[in-house]
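Asker: File name query-v5.txt; file contents compact mmCIF, C-alpha atoms; full text below.
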```
# COMPACT_ATOMS: atom_id res chain seq x y z
CA MET Q 1 15.75 142.26 -50.06
CA THR Q 2 18.69 143.62 -52.10
CA LEU Q 3 20.83 143.72 -48.96
CA ALA Q 4 19.87 140.13 -48.17
CA ILE Q 5 20.86 138.99 -51.68
CA ILE Q 6 24.20 140.82 -51.46
CA LEU Q 7 25.02 139.32 -48.05
CA VAL Q 8 23.95 135.81 -49.13
CA ILE Q 9 26.14 136.02 -52.24
CA LEU Q 10 29.09 137.34 -50.20
CA ALA Q 11 28.66 134.58 -47.61
CA ALA Q 12 28.46 131.89 -50.32
CA LEU Q 13 31.56 133.23 -52.11
CA ALA Q 14 33.49 133.42 -48.83
CA LEU Q 15 32.58 129.83 -47.96
CA ILE Q 16 33.47 128.53 -51.44
CA PHE Q 17 36.77 130.39 -51.32
CA ILE Q 18 37.67 129.12 -47.83
CA LEU Q 19 36.73 125.53 -48.71
CA GLY Q 20 38.71 125.83 -51.96
CA ILE Q 21 41.80 127.03 -50.11
CA THR Q 22 41.48 124.21 -47.57
CA VAL Q 23 41.15 121.55 -50.28
CA SER Q 24 44.03 122.96 -52.33
CA ARG Q 25 46.24 123.06 -49.20
CA SER Q 26 45.48 119.39 -48.60
CA LEU Q 27 46.32 118.48 -52.20
CA GLN Q 28 49.63 120.34 -52.03
CA VAL Q 29 50.91 117.82 -49.48
CA SER Q 30 51.15 115.17 -52.18
CA GLU Q 31 53.13 117.29 -54.64
CA GLY Q 32 55.84 118.11 -52.11
CA ALA Q 33 58.56 116.06 -53.77
CA ASN Q 34 58.31 118.09 -57.01
CA LEU Q 35 58.69 121.45 -55.33
CA ALA Q 36 62.45 121.78 -55.71
CA GLY Q 37 62.18 121.48 -59.49
CA LYS Q 38 59.86 124.48 -59.59
CA ILE Q 39 62.48 126.90 -58.28
CA GLN Q 40 63.58 129.20 -61.09
CA PRO Q 41 67.12 130.53 -61.16
CA ILE Q 42 67.61 134.27 -60.74
CA ASP Q 43 70.54 136.25 -61.95
CA VAL Q 44 71.21 138.34 -58.90
CA ALA Q 45 73.99 140.35 -60.60
CA ALA Q 46 71.72 141.39 -63.45
CA PHE Q 47 68.98 142.28 -61.03
CA ARG Q 48 71.45 144.33 -59.02
CA ASN Q 49 72.41 146.16 -62.20
CA LEU Q 50 68.76 146.85 -63.02
CA ILE Q 51 68.04 148.45 -59.69
CA ASP Q 52 71.28 150.42 -59.52
CA PRO Q 53 70.35 154.13 -59.30
CA VAL Q 54 73.73 155.07 -60.79
CA GLU Q 55 72.70 153.28 -63.98
CA ASP Q 56 69.48 155.23 -64.04
CA ASP Q 57 71.33 158.52 -63.52
CA TYR Q 58 73.70 157.64 -66.34
CA LEU Q 59 70.83 156.84 -68.71
CA ARG Q 60 69.00 159.99 -67.68
CA ARG Q 61 72.05 162.09 -68.56
CA ARG Q 62 72.77 160.33 -71.85
CA LEU Q 63 69.27 160.01 -73.30
CA ARG Q 64 66.60 162.45 -74.30
CA PRO Q 65 63.67 162.54 -71.82
CA SER Q 66 61.31 160.59 -74.13
CA GLU Q 67 63.98 157.96 -74.84
CA PHE Q 68 64.83 157.73 -71.17
CA ARG Q 69 61.21 157.10 -70.24
CA GLN Q 70 60.99 154.35 -72.84
CA VAL Q 71 64.21 152.68 -71.67
CA ARG Q 72 63.22 153.11 -68.04
CA ARG Q 73 59.90 151.38 -68.67
CA GLU Q 74 61.70 148.46 -70.33
CA ARG Q 75 64.00 148.17 -67.34
CA LEU Q 76 61.06 148.34 -64.95
CA ARG Q 77 59.27 145.53 -66.81
CA ALA Q 78 62.41 143.42 -66.58
CA MET Q 79 62.66 144.29 -62.90
CA ALA Q 80 59.05 143.21 -62.38
CA ALA Q 81 59.79 139.86 -64.01
CA TYR Q 82 62.72 139.32 -61.64
CA VAL Q 83 60.68 140.30 -58.61
CA GLN Q 84 57.80 138.02 -59.60
CA THR Q 85 60.22 135.11 -59.96
CA ALA Q 86 61.80 135.91 -56.60
CA GLY Q 87 58.33 135.97 -55.03
CA ARG Q 88 57.43 132.62 -56.60
CA ASN Q 89 60.69 131.07 -55.42
CA ALA Q 90 60.05 132.43 -51.93
CA ALA Q 91 56.62 130.78 -51.96
CA ILE Q 92 58.17 127.43 -52.90
CA LEU Q 93 60.79 127.78 -50.16
CA ILE Q 94 58.06 128.61 -47.62
CA ARG Q 95 56.33 125.33 -48.46
CA MET Q 96 59.59 123.39 -48.36
CA GLY Q 97 60.66 125.03 -45.10
CA GLN Q 98 57.28 124.28 -43.51
CA SER Q 99 57.68 120.61 -44.29
CA ALA Q 100 60.96 120.62 -42.33
CA LEU Q 101 59.55 122.53 -39.34
CA SER Q 102 58.53 119.33 -37.59
CA ALA Q 103 61.96 117.69 -38.04
CA ALA Q 104 63.21 115.77 -35.03
CA ASP Q 105 66.58 117.54 -35.10
CA PRO Q 106 66.16 120.92 -33.31
CA ARG Q 107 68.86 122.54 -35.45
CA THR Q 108 67.04 121.51 -38.62
CA SER Q 109 63.67 122.72 -37.38
CA GLU Q 110 65.22 126.04 -36.27
CA ALA Q 111 66.91 126.43 -39.65
CA ALA Q 112 63.58 125.64 -41.32
CA ARG Q 113 61.84 128.29 -39.21
CA GLN Q 114 64.52 130.79 -40.18
CA LEU Q 115 64.12 129.89 -43.85
CA VAL Q 116 60.34 130.27 -43.69
CA ASP Q 117 60.65 133.61 -41.90
CA ASN Q 118 63.13 134.97 -44.45
CA ALA Q 119 61.06 133.63 -47.35
CA LEU Q 120 57.95 135.29 -45.92
CA LEU Q 121 59.85 138.56 -45.63
CA LEU Q 122 60.97 138.27 -49.22
CA ARG Q 123 57.47 137.50 -50.46
CA ARG Q 124 56.14 140.48 -48.53
CA ASN Q 125 58.85 142.74 -49.92
CA ALA Q 126 58.26 141.36 -53.42
CA ALA Q 127 54.59 142.34 -53.19
CA PHE Q 128 55.49 145.85 -52.07
CA ALA Q 129 58.21 146.17 -54.70
CA LEU Q 130 55.84 145.05 -57.47
CA LEU Q 131 53.39 147.70 -56.37
CA ARG Q 132 56.10 150.33 -56.52
CA ILE Q 133 57.31 149.09 -59.91
CA TYR Q 134 53.82 149.36 -61.36
CA VAL Q 135 53.50 152.88 -59.95
CA ALA Q 136 56.90 153.74 -61.43
CA LEU Q 137 55.76 152.39 -64.80
CA ALA Q 138 53.16 155.14 -64.81
CA TRP Q 139 55.70 157.76 -63.69
CA PRO Q 140 59.09 156.58 -65.03
CA ASN Q 141 60.94 159.64 -63.70
CA SER Q 142 60.13 158.79 -60.08
CA GLY Q 143 62.72 157.10 -57.89
CA LEU Q 144 62.41 153.42 -57.02
CA ALA Q 145 63.92 151.50 -54.15
CA ALA Q 146 63.99 147.77 -54.82
CA THR Q 147 67.14 147.25 -52.79
CA PRO Q 148 65.32 145.54 -49.85
CA ILE Q 149 64.31 142.79 -52.29
CA LEU Q 150 67.92 142.13 -53.18
CA HIS Q 151 69.03 142.08 -49.57
CA GLY Q 152 66.13 139.82 -48.67
CA TYR Q 153 67.00 137.46 -51.45
CA GLU Q 154 70.61 137.23 -50.38
CA ARG Q 155 69.57 136.53 -46.79
CA LEU Q 156 67.14 133.87 -48.00
CA ASN Q 157 69.96 132.28 -49.92
CA GLY Q 158 71.93 131.99 -46.67
CA SER Q 159 68.98 130.45 -44.79
CA ALA Q 160 68.37 127.88 -47.52
CA MET Q 161 72.06 126.98 -47.48
CA LEU Q 162 72.02 126.43 -43.72
CA LEU Q 163 68.90 124.27 -43.83
CA GLY Q 164 70.30 122.31 -46.79
CA ARG Q 165 73.56 121.74 -44.94
CA LEU Q 166 71.70 120.40 -41.91
CA GLN Q 167 69.39 118.19 -43.95
CA ASN Q 168 71.94 117.02 -46.49
CA PRO Q 169 75.54 117.57 -45.33
CA ALA Q 170 76.91 116.03 -48.54
CA ALA Q 171 75.68 118.84 -50.76
CA PRO Q 172 75.79 122.02 -48.75
CA VAL Q 173 76.51 124.69 -51.36
CA ARG Q 174 74.27 123.67 -54.22
CA ILE Q 175 71.19 125.36 -52.92
CA SER Q 176 72.78 128.77 -53.14
CA ALA Q 177 73.54 128.14 -56.79
CA THR Q 178 69.89 127.49 -57.52
CA LEU Q 179 68.83 130.77 -56.04
CA MET V 1 9.79 116.78 -40.36
CA LEU V 2 11.07 120.30 -41.09
CA GLN V 3 8.95 121.85 -38.38
CA ALA V 4 9.81 123.52 -35.13
CA HIS V 5 9.86 121.11 -32.17
CA SER V 6 10.06 118.06 -34.43
CA LEU V 7 12.44 115.24 -33.51
CA LEU V 8 14.99 116.44 -36.06
CA TRP V 9 14.70 119.98 -34.71
CA HIS V 10 15.43 118.79 -31.13
CA TYR V 11 18.32 116.65 -32.38
CA LEU V 12 19.93 119.44 -34.41
CA TRP V 13 19.69 121.87 -31.51
CA LEU V 14 21.03 119.51 -28.84
CA ALA V 15 23.44 117.13 -30.60
CA PRO V 16 26.03 119.69 -31.79
CA ASN V 17 26.16 121.20 -28.32
CA VAL V 18 26.54 117.82 -26.62
CA LEU V 19 29.34 117.04 -29.08
CA LEU V 20 30.95 120.42 -28.48
CA LEU V 21 30.91 119.86 -24.71
CA THR V 22 32.44 116.43 -25.33
CA LEU V 23 35.10 118.13 -27.42
CA ALA V 24 35.78 120.59 -24.60
CA PHE V 25 36.24 117.62 -22.24
CA LEU V 26 38.62 115.91 -24.71
CA ILE V 27 40.58 119.16 -25.17
CA TRP V 28 40.95 119.41 -21.39
CA LYS V 29 41.87 115.71 -21.13
CA ASN V 30 44.60 116.09 -23.77
CA GLY V 31 45.93 119.27 -22.16
CA LEU V 32 45.14 121.33 -25.25
CA GLN V 33 43.29 124.02 -23.27
CA ARG V 34 46.62 125.79 -22.72
CA THR V 35 47.31 125.79 -26.47
CA PHE V 36 43.82 126.93 -27.51
CA PRO V 37 42.40 128.75 -24.46
CA ALA V 38 39.88 130.85 -26.41
CA PHE V 39 38.54 127.89 -28.35
CA PHE V 40 38.36 125.83 -25.14
CA ALA V 41 36.32 128.60 -23.50
CA PHE V 42 34.09 128.76 -26.59
CA ALA V 43 33.61 124.97 -26.63
CA LEU V 44 32.69 125.06 -22.95
CA LEU V 45 30.48 128.15 -22.72
CA ASN V 46 28.68 128.19 -26.07
CA PRO V 47 26.91 124.84 -25.48
CA LEU V 48 25.89 125.99 -21.98
CA CYS V 49 24.38 129.14 -23.49
CA GLN V 50 22.58 127.05 -26.10
CA PHE V 51 21.23 124.64 -23.46
CA ALA V 52 19.88 127.64 -21.51
CA LEU V 53 18.25 128.93 -24.69
CA TYR V 54 16.83 125.49 -25.49
CA ILE V 55 15.27 125.18 -22.03
CA ALA V 56 13.87 128.69 -22.39
CA ASP V 57 12.34 127.66 -25.71
CA VAL V 58 10.68 124.43 -24.55
CA ALA V 59 9.72 125.43 -21.00
CA PRO V 60 6.12 126.73 -21.02
CA SER V 61 6.74 128.88 -17.93
CA ILE V 62 9.18 131.14 -19.76
CA THR V 63 7.52 133.97 -21.66
CA ALA V 64 8.46 134.97 -25.20
CA GLU V 65 9.93 138.22 -23.92
CA ASN V 66 12.14 136.40 -21.44
CA PHE V 67 13.20 133.97 -24.16
CA TRP V 68 14.49 136.88 -26.24
CA ARG V 69 16.22 138.37 -23.19
CA ILE V 70 18.05 135.07 -22.71
CA ASP V 71 18.84 135.05 -26.44
CA TRP V 72 20.40 138.50 -26.08
CA ALA V 73 22.47 137.33 -23.10
CA THR V 74 23.77 134.29 -25.00
CA LEU V 75 24.67 136.49 -27.96
CA LEU V 76 26.58 138.87 -25.72
CA ILE V 77 28.60 135.91 -24.42
CA ALA V 78 29.04 133.99 -27.70
CA GLY V 79 29.93 137.03 -29.85
CA PRO V 80 33.10 138.09 -27.98
CA LEU V 81 34.04 134.41 -27.61
CA LYS V 82 33.94 133.99 -31.40
CA PHE V 83 36.11 137.10 -31.86
CA ALA V 84 38.55 135.70 -29.28
CA VAL V 85 38.73 132.43 -31.25
CA VAL V 86 39.44 134.40 -34.46
CA ALA V 87 42.22 136.30 -32.63
CA GLU V 88 43.63 132.97 -31.45
CA ILE V 89 43.59 131.58 -35.01
CA PHE V 90 45.39 134.69 -36.26
CA ALA V 91 48.04 134.50 -33.53
CA ARG V 92 48.62 130.79 -34.14
CA VAL V 93 48.96 131.15 -37.92
CA PHE V 94 51.12 134.28 -38.10
CA GLY V 95 52.41 134.98 -34.59
CA SER V 96 55.53 132.83 -34.83
CA TYR V 97 56.83 134.65 -37.91
CA ASP V 98 58.36 138.04 -37.07
CA SER V 99 58.34 139.10 -40.71
CA LEU V 100 54.55 138.84 -40.98
CA ALA V 101 53.24 139.41 -37.45
CA ARG V 102 53.44 143.22 -37.53
CA LEU V 103 52.05 143.64 -41.02
CA GLY V 104 49.35 141.09 -40.27
CA ARG V 105 48.28 142.87 -37.09
CA LEU V 106 48.13 146.17 -38.93
CA LEU V 107 46.06 144.71 -41.75
CA ILE V 108 43.64 142.76 -39.56
CA ARG V 109 42.95 145.89 -37.50
CA GLY V 110 42.15 147.75 -40.71
CA VAL V 111 39.95 144.91 -41.95
CA GLY V 112 38.22 144.80 -38.56
CA ILE V 113 37.40 148.51 -38.73
CA VAL V 114 36.09 148.21 -42.29
CA LEU V 115 33.96 145.20 -41.32
CA ALA V 116 32.55 146.97 -38.28
CA LEU V 117 31.57 149.91 -40.50
CA ALA V 118 30.06 147.54 -43.09
CA ALA V 119 28.11 145.74 -40.35
CA ALA V 120 26.84 149.09 -39.01
CA LEU V 121 25.74 150.09 -42.53
CA ALA V 122 24.05 146.72 -43.07
CA ALA V 123 22.23 147.13 -39.75
CA ALA V 124 21.22 150.70 -40.59
CA TYR V 125 19.75 149.70 -43.96
CA ALA V 126 18.17 146.46 -42.72
CA ALA V 127 14.43 146.08 -43.09
CA LYS V 128 13.14 145.51 -39.57
CA ASP V 129 11.72 142.01 -39.64
CA SER V 130 9.73 142.26 -36.44
CA LEU V 131 7.46 144.69 -34.70
CA PHE V 132 9.33 143.91 -31.52
CA GLU V 133 12.61 145.77 -31.11
CA ILE V 134 14.07 143.02 -28.93
CA ILE V 135 13.65 140.40 -31.71
CA ALA V 136 14.85 142.64 -34.54
CA GLY V 137 17.79 143.71 -32.42
CA ALA V 138 18.79 140.10 -31.70
CA HIS V 139 18.67 139.26 -35.41
CA LEU V 140 20.76 142.32 -36.27
CA LEU V 141 23.30 141.42 -33.61
CA GLU V 142 23.51 137.87 -35.03
CA GLN V 143 24.03 139.33 -38.51
CA THR V 144 26.70 141.73 -37.23
CA ILE V 145 28.64 139.01 -35.40
CA ALA V 146 28.45 136.69 -38.43
CA LEU V 147 29.53 139.43 -40.86
CA ILE V 148 32.58 140.46 -38.82
CA THR V 149 33.60 136.86 -38.05
CA THR V 150 33.25 135.80 -41.70
CA GLY V 151 35.22 138.81 -42.93
CA LEU V 152 38.05 138.30 -40.45
CA LEU V 153 38.28 134.58 -41.22
CA LEU V 154 38.26 135.27 -44.96
CA PHE V 155 41.11 137.73 -44.48
CA ILE V 156 43.12 135.16 -42.49
CA PHE V 157 42.58 132.49 -45.17
CA VAL V 158 43.49 134.87 -48.03
CA PHE V 159 46.56 136.24 -46.21
CA ALA V 160 47.79 132.73 -45.37
CA ALA V 161 47.10 131.52 -48.92
CA TYR V 162 49.06 134.39 -50.46
CA PHE V 163 52.06 133.55 -48.30
CA LYS V 164 51.56 129.80 -48.88
CA LEU V 165 51.39 129.21 -45.14
CA ARG V 166 49.80 125.93 -44.14
CA PRO V 167 48.40 126.27 -40.62
CA ALA V 168 48.80 123.36 -38.22
CA ARG V 169 46.00 120.80 -38.50
CA PRO V 170 44.11 121.73 -35.29
CA ILE V 171 44.10 125.45 -36.06
CA LEU V 172 43.03 124.79 -39.65
CA GLY V 173 40.17 122.70 -38.31
CA ILE V 174 39.10 125.40 -35.84
CA ALA V 175 39.19 128.04 -38.59
CA LEU V 176 37.34 125.85 -41.08
CA GLY V 177 34.58 124.91 -38.65
CA LEU V 178 34.08 128.51 -37.54
CA ALA V 179 34.07 129.65 -41.19
CA ILE V 180 31.40 127.10 -42.16
CA SER V 181 29.24 128.19 -39.25
CA SER V 182 29.81 131.95 -39.71
CA CYS V 183 29.26 132.03 -43.49
CA THR V 184 26.04 130.01 -43.20
CA HIS V 185 24.76 132.12 -40.32
CA LEU V 186 25.59 135.33 -42.18
CA ALA V 187 23.39 134.19 -45.08
CA ILE V 188 20.66 132.99 -42.72
CA TRP V 189 20.47 136.15 -40.63
CA ALA V 190 20.67 138.35 -43.73
CA LEU V 191 17.62 136.52 -45.11
CA ALA V 192 15.82 136.45 -41.77
CA GLU V 193 16.35 140.16 -41.20
CA ASN V 194 15.89 141.52 -44.71
CA ALA V 195 13.89 139.12 -46.88
CA GLY V 196 10.54 139.29 -45.10
CA LEU V 197 10.10 135.51 -45.01
CA SER V 198 7.03 133.70 -43.73
CA PRO V 199 7.33 131.85 -40.35
CA GLU V 200 7.35 128.48 -42.19
CA ARG V 201 10.33 129.49 -44.29
CA ARG V 202 12.11 130.88 -41.26
CA VAL V 203 11.91 127.45 -39.64
CA ILE V 204 13.75 126.05 -42.65
CA LEU V 205 16.45 128.68 -42.09
CA ASP V 206 16.66 127.49 -38.47
CA PHE V 207 17.25 123.95 -39.71
CA VAL V 208 19.98 125.11 -42.12
CA GLY V 209 21.68 127.06 -39.32
CA MET V 210 21.55 124.17 -36.86
CA ALA V 211 22.79 121.74 -39.53
CA SER V 212 25.76 124.02 -40.31
CA SER V 213 26.59 124.15 -36.59
CA HIS V 214 26.52 120.36 -36.56
CA ILE V 215 28.90 120.19 -39.53
CA ALA V 216 31.20 122.73 -37.84
CA VAL V 217 31.36 120.68 -34.64
CA LEU V 218 32.08 117.50 -36.62
CA ALA V 219 34.91 119.34 -38.41
CA TRP V 220 36.35 120.44 -35.06
CA LEU V 221 36.13 116.90 -33.70
CA TYR V 222 37.82 115.51 -36.81
CA TYR V 223 40.66 118.02 -36.90
CA LEU V 224 41.33 118.16 -33.16
CA ILE V 225 40.74 114.60 -32.03
CA VAL V 226 41.39 112.26 -34.97
CA PRO V 227 45.16 111.74 -35.09
CA ARG V 228 47.03 113.03 -38.11
CA ASP V 229 48.08 110.51 -40.72
CA VAL V 230 51.84 111.02 -40.69
CA ALA V 231 52.31 109.12 -43.95
CA THR V 232 50.41 111.79 -45.89
CA LYS V 233 53.09 114.37 -45.14
CA PRO V 234 56.35 113.19 -46.66
CA VAL V 235 59.58 114.94 -45.82
CA ILE V 236 60.50 117.10 -48.80
CA PRO V 237 64.16 117.00 -49.73
CA LEU V 238 65.66 120.45 -50.18
CA PRO V 239 66.67 121.62 -53.64
CA GLU V 240 69.34 119.36 -55.06
CA ASN V 241 70.22 121.97 -57.56
CA ASN V 242 73.39 122.77 -59.17
CA LEU V 243 75.99 125.24 -60.18
CA ASP V 244 75.59 124.12 -63.81
CA LEU V 245 72.18 125.71 -64.07
CA TRP V 246 73.44 128.83 -62.41
CA ASN V 247 76.40 128.99 -64.77
CA ARG V 248 74.22 128.37 -67.82
CA GLU V 249 72.15 131.39 -66.86
CA LEU V 250 75.28 133.47 -66.38
CA GLU V 251 76.74 132.37 -69.71
CA ARG V 252 73.50 133.19 -71.49
CA LEU V 253 73.63 136.64 -69.98
CA VAL V 254 77.27 137.14 -70.93
CA HIS V 255 76.70 136.03 -74.54
CA GLN V 256 73.59 138.13 -75.11
```
Would you mind writing the file's structure down as structure tokens?

Answerer:
Amino acid sequence: MTLAIILVILAALALIFILGITVSRSLQVSEGANLAGKIQPIDVAAFRNLIDPVEDDYLRRRLRPSEFRQVRRERLRAMAAYVQTAGRNAAILIRMGQSALSAADPRTSEAARQLVDNALLLRRNAAFALLRIYVALAWPNSGLAATPILHGYERLNGSAMLLGRLQNPAAPVRISATL
Amino acid sequence: MLQAHSLLWHYLWLAPNVLLLTLAFLIWKNGLQRTFPAFFAFALLNPLCQFALYIADVAPSITAENFWRIDWATLLIAGPLKFAVVAEIFARVFGSYDSLARLGRLLIRGVGIVLALAAALAAAYAAKDSLFEIIAGAHLLEQTIALITTGLLLFIFVFAAYFKLRPARPILGIALGLAISSCTHLAIWALAENAGLSPERRVILDFVGMASSHIAVLAWLYYLIVPRDVATKPVIPLPENNLDLWNRELERLVHQ
């Protein structure tokens, strides 16, 4: 009987979750026009500085071990905030890119597909990077490679620019500024 | 009314399968069988299996033992077909994105292995509901198929939701209908196999299962046949954002 109860509860939760996702997906269609305003700017230079291993080596040499661990944790928390924002922006761009996938112009739809693919890669990398950052928070002396995030973000920037140029030739460069 | 061989019982067994065969015909007529080959095969073969089972149930010449043999045969056809439909859903949702396809394949294989182990454990610890091995075995096989299908579909929905991917309308409909049917049948077979219910209560479970199949078929018909309302999907303009915002952020950083 216990097994039956467990399986019934699991089945009910799975169904509620799947129906919830389906309904929320349908509702998202109507909020499409507000998506662009949800993109948060990211300071790529500052992020690059945060993940620079040379900076870490410098701090490690200059500070006492306990101070270094404290500073390193602060930097990791800042890094996590950047990565979370990048992941959220990628999610918004995925939704925007998907809306352009069915465009009549083949160049626009191809650019949209490219944007979605790059945004998916960034979101995937952001998830992995966050995992590594949280592990590094526990062991601040360990190395951390967040560079793929930065490269992914820069590539995403290029894809968004291309799609923007195709959709709105009058304002081709502005999208890169947002990112 | 909620009795075996009542009018409602006949309707709920036959109507979804007639509708599913109709859907298979419409899929073929619209040339969609090349896009969704696994679902087309499922829509064609599953109703035929169910009709065979229905005839076996109502025909007095067929013994109870032969009925359960036919039930086993239909399960052995329908089970792999359902897994093929799940694989098709996965390929359609993630296959066109290189960045996700490899990771997705890796994860779904892992989830599949875990689900198979969980299903084996659930079967091992199940209270045998029948003195007859053939009946208990059929129920366990139903539970196993439903558990694995539900788990795989849940994974696909969660994975797509995390990446904010919105599957195309037909594939969303196929996934939703199969999820409704699988989740309900998982609960039903778990109760049938483990809860020691009386025959009267089991008939009610039959009704719930048949009703969920009916809802699933209606969802498939709606998502695959009813044309999409284009006006509900406006074209989203890309970010009209600006260098000012970017510069403000840079200045704030510089002046910190």

Asker: Report, in Å to a single decimal, how far apart atom CA of V:Ala138 and atom CA of V:Ile62 are.

Answerer: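 These atoms are spaced 17.8 Å apart.
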
Asker: Residues around (63.2, 126.5, -38.9), cut-off 12 Å, counting all atoms listed in the file - what are they as a compact mmCIF listing (two decimals) with C-alpha atoms, keeping the file's coordinate frame?

Answerer:
```txt
# COMPACT_ATOMS: atom_id res chain seq x y z
CA LEU Q 93 60.79 127.78 -50.16
CA ILE Q 94 58.06 128.61 -47.62
CA ARG Q 95 56.33 125.33 -48.46
CA MET Q 96 59.59 123.39 -48.36
CA GLY Q 97 60.66 125.03 -45.10
CA GLN Q 98 57.28 124.28 -43.51
CA SER Q 99 57.68 120.61 -44.29
CA ALA Q 100 60.96 120.62 -42.33
CA LEU Q 101 59.55 122.53 -39.34
CA SER Q 102 58.53 119.33 -37.59
CA ALA Q 103 61.96 117.69 -38.04
CA ALA Q 104 63.21 115.77 -35.03
CA ASP Q 105 66.58 117.54 -35.10
CA PRO Q 106 66.16 120.92 -33.31
CA ARG Q 107 68.86 122.54 -35.45
CA THR Q 108 67.04 121.51 -38.62
CA SER Q 109 63.67 122.72 -37.38
CA GLU Q 110 65.22 126.04 -36.27
CA ALA Q 111 66.91 126.43 -39.65
CA ALA Q 112 63.58 125.64 -41.32
CA ARG Q 113 61.84 128.29 -39.21
CA GLN Q 114 64.52 130.79 -40.18
CA LEU Q 115 64.12 129.89 -43.85
CA VAL Q 116 60.34 130.27 -43.69
CA ASP Q 117 60.65 133.61 -41.90
CA ASN Q 118 63.13 134.97 -44.45
CA ALA Q 119 61.06 133.63 -47.35
CA SER Q 159 68.98 130.45 -44.79
CA ALA Q 160 68.37 127.88 -47.52
CA LEU Q 162 72.02 126.43 -43.72
CA LEU Q 163 68.90 124.27 -43.83
CA GLY Q 164 70.30 122.31 -46.79
CA LEU Q 166 71.70 120.40 -41.91
CA GLN Q 167 69.39 118.19 -43.95
CA SER V 96 55.53 132.83 -34.83
CA TYR V 97 56.83 134.65 -37.91
```

Asker: Quote the spacing between atom CA of V:Ala119 and atom CA of V:Ala190 in Å to one decimal place.

Answerer: 11.0 Å

Asker: Would you list the contacts of stretch 67-78 of chain Q as a PyMOL selection string, taking every protein, DNA or RNA residue within 7 Å and counting only C-alpha atoms, but skipping same-chain residues closer than 4 positions in sequence?

Answerer: chain Q and resi 50+59-60+63+82+133+137+140

Asker: I need every residue sitting at most 10 Å from the point (54.3, 138.8, -53.1) (coordinates as in the file, only C-alpha atoms considered), written as a compact mmCIF listing (two decimals) with C-alpha atoms, in the frame of the given file.

Answerer:
```txt
# COMPACT_ATOMS: atom_id res chain seq x y z
CA VAL Q 83 60.68 140.30 -58.61
CA GLN Q 84 57.80 138.02 -59.60
CA THR Q 85 60.22 135.11 -59.96
CA ALA Q 86 61.80 135.91 -56.60
CA GLY Q 87 58.33 135.97 -55.03
CA ARG Q 88 57.43 132.62 -56.60
CA ALA Q 90 60.05 132.43 -51.93
CA ALA Q 91 56.62 130.78 -51.96
CA LEU Q 120 57.95 135.29 -45.92
CA LEU Q 121 59.85 138.56 -45.63
CA LEU Q 122 60.97 138.27 -49.22
CA ARG Q 123 57.47 137.50 -50.46
CA ARG Q 124 56.14 140.48 -48.53
CA ASN Q 125 58.85 142.74 -49.92
CA ALA Q 126 58.26 141.36 -53.42
CA ALA Q 127 54.59 142.34 -53.19
CA PHE Q 128 55.49 145.85 -52.07
CA ALA Q 129 58.21 146.17 -54.70
CA LEU Q 130 55.84 145.05 -57.47
CA LEU Q 131 53.39 147.70 -56.37
CA TYR V 162 49.06 134.39 -50.46
CA PHE V 163 52.06 133.55 -48.30
```

Asker: Which distance in Å separates atom CA of V:Phe159 and atom CA of V:Gly104, to one decimal?

Answerer: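 A separation of 8.2 Å between them.
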
Asker: Which one is closest to chain Q: V:Phe51, V:Tyr222, V:Phe207, V:Trp189? Count only C-alpha atoms.

Answerer: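 Closest to chain Q, using only C-alpha atoms: V:Trp189.
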
Asker: My list of candidates is V:Pro47, V:Ala126, V:Val208, V:Ala146. Which is closest to V:Val86 when distances are computed with all atoms listed in the file?

Answerer: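 Looking at the shortest contact to V:Val86, the residue is V:Ala146.
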
Asker: Would you mind listing what lies within 10 Å of V:Ala192 as a VMD selection string, with only C-alpha atoms counted and same-chain residues fewer than 4 positions away left out?

Answerer: (chain Q and resid 4) or (chain V and resid 127 to 130 136 139 to 140 143 186 to 188 196 to 199 201 to 202 205 to 206)

Asker: Would you mind telling me which residue in Q:Gly20, Q:Pro65, Q:Pro53, Q:Pro41 lies nearest to chain V when using only C-alpha atoms?

Answerer: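 Looking at the shortest contact to chain V, the residue is Q:Pro41.
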
Asker: Might you pull out every residue within 12 Å of V:Ile156, with all atoms listed in the file counted and same-chain residues fewer than 2 positions away left off, and present them as a PyMOL selection string?

Answerer: (chain Q and resi 14+17-18+21) or (chain V and resi 86-94+104-105+107-109+111-112+149-154+158-167+171-172+175-176+179)

Asker: So, counting only C-alpha atoms, which residue among V:Ala84, V:Leu75, V:Leu178, V:Ile27 is closest to chain Q?

Answerer: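 Ranking V:Ala84, V:Leu75, V:Leu178, V:Ile27 by distance to chain Q, first place goes to V:Leu178.
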
Asker: Determine the nearest neighbour of chain V from the options Q:Ala36, Q:Ala46, Q:Ile92, Q:Leu10, counting all atoms listed in the file.

Answerer: Q:Ala36

Asker: Find the spatial neighbours of V:Leu14, counting only C-alpha atoms, within a cut-off of 12 Å - ignore same-chain residues fewer than 2 positions away - and output them as a PyMOL selection string.

Answerer: chain V and resi 5+7-12+16-21+46-55+210-211+213-214+217

Asker: Considering only C-alpha atoms, can you say which of Q:Thr22, Q:Asn89, Q:Asn49, Q:Asn141 comes closest to chain V?

Answerer: Q:Thr22
